[in-house]
Amino acid sequence: MEENNGALIDTRLSVTKFIIITNIIIFLFMLVTGEPSNGEYMAEHGALWTPYVIENGEYYRLFTAIFLHFDASHIFNNLLLLFFLGDILERSLGKVMYTIVYILCGLAGNILSMSVEILTSDYSVSAGASGAIFGVVGGVLFEVVYHKGRYRGISTGRILFFVLLSLYVGMSSSGVNNSAHVGGLVSGFVLTAIVQIISDFRSKKA
């Protein structure tokens with residue numbers, strides 16, 4: 001914290017910015033040491049590959065895959081979305097709960113993605129923060145609905161249009177893990193609702 005003309009300014013790094021910086025550092029490391037666009041290379045470095053999880057018990061991949069990206073456009077699109085919406089949800093939930101929700105949404109997206117692959121026997125190497133980031137979108141969607149149609153300058157119509165457009169673009173494009181998007185979106189909405197309900201309950205008791 002710094003004081004400027006008697007006013008306190010919060011100079012601490014937000015969780016959202018920390019996540020963005022972490023993802024960029026990891027991507028640059030992967031870029032320097034190999035070829036992120038190569039599925040085999042990504043699988044060797046923690047991307048989600050369902051057979052490894054099921055057969056070898058490498059469940060850590062459900063987590064590490066959240067921080068890996070295949071190319072510059074992949075990470076740019078994900079982090080741009082997080083940049084604009086992440087701070088909104090972080091201010092609402094607080095740093096700790098926001099971090100927990102972000103990670104759980106990423107895990108939920110990857111679990112749903114893996115489940116769909118097992119059901120269809122159609123396997124592919126998967127990576128990216130989009131499941132967690134769609135969780136942020138789902139959380140913001142809940143906050144807008146909860147605050148009767150507008151929250152921090154975002155209206156219900158605007159966020160719904162954004163959600164539908166994002167899902168449509170994903171489903172109409174090849175190489176996009178739509179299961180992770182849906183899993184993250186739904187879990188973000190539900191988890192944010194749970195946090196808000198608990199917060200309201202505690203406020204009433206106090």
# chains A, B, ... in the order shown; residues from 1 in each chain; ligands from 1
>>> residues_around(residues="His45 of chain A", least_positions_apart="6", cutoff="12 Å", atoms="only C-alpha atoms", output="ChimeraX atom specification")
/A:26-27,29-31,33-36,38-39,58,60-61,64-65,67-70,125-127
>>> select_by_dssp(residues="segment 18-181 of chain A", states="alpha helix (DSSP H)", output="ChimeraX atom specification")
/A:18-33,39-44,50-56,61-64,72-93,95-120,130-146,156-171,178-181
>>> closest_atom_pairs(of="segment 117-196 of chain A", to="segment 85-108 of chain A", cutoff="6 Å", atoms="only C-alpha atoms", output="CSV")
residue,atom,partner,partner_atom,distance
A:Gly131,CA,A:Gly106,CA,4.7
A:Ala132,CA,A:Gly106,CA,3.8
A:Gly135,CA,A:Cys105,CA,5.2
A:Val140,CA,A:Leu89,CA,5.9
A:Gly183,CA,A:Ala108,CA,5.7
A:Gly184,CA,A:Cys105,CA,4.7
A:Ser187,CA,A:Cys105,CA,5.7
A:Gly188,CA,A:Cys105,CA,5.9
>>> write_last_selection(atoms="all heavy atoms", output="compact mmCIF listing (two decimals), in the first residue's frame")
# COMPACT_ATOMS: atom_id res chain seq x y z
N GLY A 131 -10.91 -23.07 -20.15
CA GLY A 131 -11.90 -23.61 -19.22
C GLY A 131 -12.00 -22.74 -17.98
O GLY A 131 -13.10 -22.39 -17.53
N ALA A 132 -10.84 -22.36 -17.43
CA ALA A 132 -10.83 -21.50 -16.24
C ALA A 132 -11.38 -20.12 -16.57
O ALA A 132 -12.11 -19.51 -15.78
CB ALA A 132 -9.40 -21.39 -15.71
N GLY A 135 -14.90 -20.01 -16.86
CA GLY A 135 -15.42 -20.00 -15.50
C GLY A 135 -15.56 -18.57 -14.99
O GLY A 135 -16.53 -18.23 -14.31
N VAL A 140 -19.03 -13.87 -13.83
CA VAL A 140 -19.50 -12.52 -14.12
C VAL A 140 -20.97 -12.55 -14.54
O VAL A 140 -21.75 -11.68 -14.16
CB VAL A 140 -18.64 -11.86 -15.22
CG1 VAL A 140 -19.23 -10.51 -15.64
CG2 VAL A 140 -17.21 -11.67 -14.73
N GLY A 183 -17.86 -26.73 -19.52
CA GLY A 183 -17.61 -27.14 -18.13
C GLY A 183 -17.16 -25.97 -17.28
O GLY A 183 -17.61 -25.81 -16.13
N GLY A 184 -16.28 -25.13 -17.82
CA GLY A 184 -15.82 -23.97 -17.08
C GLY A 184 -16.93 -22.96 -16.87
O GLY A 184 -17.08 -22.40 -15.77
N SER A 187 -19.56 -24.31 -14.26
CA SER A 187 -18.98 -24.38 -12.91
C SER A 187 -18.71 -22.98 -12.36
O SER A 187 -18.87 -22.73 -11.16
CB SER A 187 -17.70 -25.22 -12.91
OG SER A 187 -16.72 -24.66 -13.78
N GLY A 188 -18.31 -22.04 -13.23
CA GLY A 188 -18.08 -20.67 -12.78
C GLY A 188 -19.35 -20.02 -12.28
O GLY A 188 -19.34 -19.32 -11.25
>>> residues_around(residues="Asp122 of chain A", least_positions_apart="5", cutoff="12 Å", atoms="only C-alpha atoms", output="VMD selection string")
chain A and resid 49 to 51 113 to 117
>>> atom_distance(atom1="atom CA of Tyr52 of chain A", atom2="atom CA of Phe134 of chain A")
25.1 Å
>>> closest_residue(among="A:Asn178, A:Met171, A:Ser155, A:Thr192", to="Gly138 of chain A", atoms="only C-alpha atoms")
A:Thr192
>>> closest_residue(among="A:Leu167, A:Val136, A:Ile159, A:Ile19", to="Leu191 of chain A", atoms="only C-alpha atoms")
A:Val136
>>> atom_distance(atom1="atom CA of Leu80 of chain A", atom2="atom CA of Ser166 of chain A")
13.2 Å
>>> atom_distance(atom1="atom CA of Asn78 of chain A", atom2="atom CA of Gly128 of chain A")
8.0 Å
>>> select_by_dssp(residues="chain A", states="strand (DSSP E or B)", output="list in words")
Glu2, Glu3, Asn4, Ala7, Leu8, Ile9, Leu48, Ser126, Arg150, Tyr151, Ile154 and Ser155 of chain A
>>> closest_residue(among="A:Ile66, A:Phe84, A:Ala72, A:Tyr59", to="Arg152 of chain A", atoms="only C-alpha atoms")
A:Phe84
>>> residues_around(residues="Val176 of chain A", least_positions_apart="6", cutoff="10 Å", atoms="only C-alpha atoms", output="ChimeraX atom specification")
/A:126,130,169-170
>>> decode(residues="segment 147-170 of chain A", atoms="N, CA, C and O atoms", output="compact mmCIF listing (two decimals), in the first residue's frame")
# COMPACT_ATOMS: atom_id res chain seq x y z
N HIS A 147 -27.26 -9.04 -9.54
CA HIS A 147 -27.43 -7.61 -9.30
C HIS A 147 -28.48 -6.99 -10.22
O HIS A 147 -28.40 -5.83 -10.61
N LYS A 148 -29.45 -7.83 -10.60
CA LYS A 148 -30.64 -7.38 -11.33
C LYS A 148 -30.34 -6.73 -12.69
O LYS A 148 -30.92 -5.71 -13.05
N GLY A 149 -29.43 -7.36 -13.41
CA GLY A 149 -29.25 -6.96 -14.81
C GLY A 149 -28.11 -6.05 -15.14
O GLY A 149 -27.85 -5.77 -16.31
N ARG A 150 -27.37 -5.59 -14.14
CA ARG A 150 -26.21 -4.74 -14.43
C ARG A 150 -25.21 -4.84 -13.29
O ARG A 150 -25.58 -4.72 -12.12
N TYR A 151 -23.93 -5.04 -13.66
CA TYR A 151 -22.89 -5.12 -12.65
C TYR A 151 -21.59 -4.55 -13.21
O TYR A 151 -21.09 -5.00 -14.22
N ARG A 152 -21.10 -3.49 -12.57
CA ARG A 152 -19.86 -2.83 -12.96
C ARG A 152 -19.84 -2.50 -14.46
O ARG A 152 -18.87 -2.77 -15.17
N GLY A 153 -20.95 -1.96 -14.94
CA GLY A 153 -21.03 -1.52 -16.33
C GLY A 153 -21.40 -2.59 -17.33
O GLY A 153 -21.49 -2.32 -18.53
N ILE A 154 -21.61 -3.83 -16.88
CA ILE A 154 -21.96 -4.93 -17.78
C ILE A 154 -23.43 -5.28 -17.58
O ILE A 154 -23.87 -5.54 -16.46
N SER A 155 -24.19 -5.31 -18.67
CA SER A 155 -25.62 -5.64 -18.60
C SER A 155 -25.84 -7.11 -18.90
O SER A 155 -24.96 -7.80 -19.44
N THR A 156 -27.03 -7.59 -18.57
CA THR A 156 -27.38 -8.98 -18.84
C THR A 156 -27.30 -9.28 -20.33
O THR A 156 -26.74 -10.31 -20.75
N GLY A 157 -27.88 -8.40 -21.14
CA GLY A 157 -27.87 -8.62 -22.58
C GLY A 157 -26.47 -8.69 -23.14
O GLY A 157 -26.16 -9.52 -24.00
N ARG A 158 -25.61 -7.82 -22.64
CA ARG A 158 -24.23 -7.77 -23.14
C ARG A 158 -23.46 -9.04 -22.80
O ARG A 158 -22.79 -9.61 -23.66
N ILE A 159 -23.56 -9.50 -21.55
CA ILE A 159 -22.81 -10.68 -21.15
C ILE A 159 -23.38 -11.94 -21.79
O ILE A 159 -22.64 -12.84 -22.19
N LEU A 160 -24.72 -12.00 -21.95
CA LEU A 160 -25.32 -13.17 -22.62
C LEU A 160 -24.92 -13.22 -24.09
O LEU A 160 -24.63 -14.30 -24.62
N PHE A 161 -24.91 -12.07 -24.74
CA PHE A 161 -24.48 -12.01 -26.14
C PHE A 161 -23.04 -12.48 -26.26
O PHE A 161 -22.69 -13.25 -27.17
N PHE A 162 -22.21 -12.04 -25.33
CA PHE A 162 -20.80 -12.42 -25.35
C PHE A 162 -20.64 -13.93 -25.15
O PHE A 162 -19.85 -14.58 -25.84
N VAL A 163 -21.39 -14.49 -24.20
CA VAL A 163 -21.32 -15.92 -23.92
C VAL A 163 -21.74 -16.73 -25.14
O VAL A 163 -21.04 -17.67 -25.56
N LEU A 164 -22.89 -16.38 -25.73
CA LEU A 164 -23.40 -17.11 -26.88
C LEU A 164 -22.47 -16.98 -28.07
O LEU A 164 -22.23 -17.96 -28.80
N LEU A 165 -21.92 -15.79 -28.28
CA LEU A 165 -20.99 -15.58 -29.39
C LEU A 165 -19.73 -16.42 -29.20
O LEU A 165 -19.25 -17.06 -30.16
N SER A 166 -19.20 -16.43 -27.98
CA SER A 166 -17.98 -17.20 -27.70
C SER A 166 -18.20 -18.69 -27.91
O SER A 166 -17.36 -19.39 -28.48
N LEU A 167 -19.35 -19.19 -27.44
CA LEU A 167 -19.66 -20.60 -27.62
C LEU A 167 -19.86 -20.94 -29.09
O LEU A 167 -19.40 -21.99 -29.58
N TYR A 168 -20.53 -20.05 -29.82
CA TYR A 168 -20.76 -20.28 -31.25
C TYR A 168 -19.44 -20.32 -32.03
O TYR A 168 -19.23 -21.21 -32.86
N VAL A 169 -18.56 -19.37 -31.74
CA VAL A 169 -17.27 -19.32 -32.42
C VAL A 169 -16.49 -20.60 -32.15
O VAL A 169 -15.88 -21.18 -33.05
N GLY A 170 -16.52 -21.05 -30.89
CA GLY A 170 -15.81 -22.27 -30.54
C GLY A 170 -16.37 -23.50 -31.25
O GLY A 170 -15.63 -24.32 -31.79
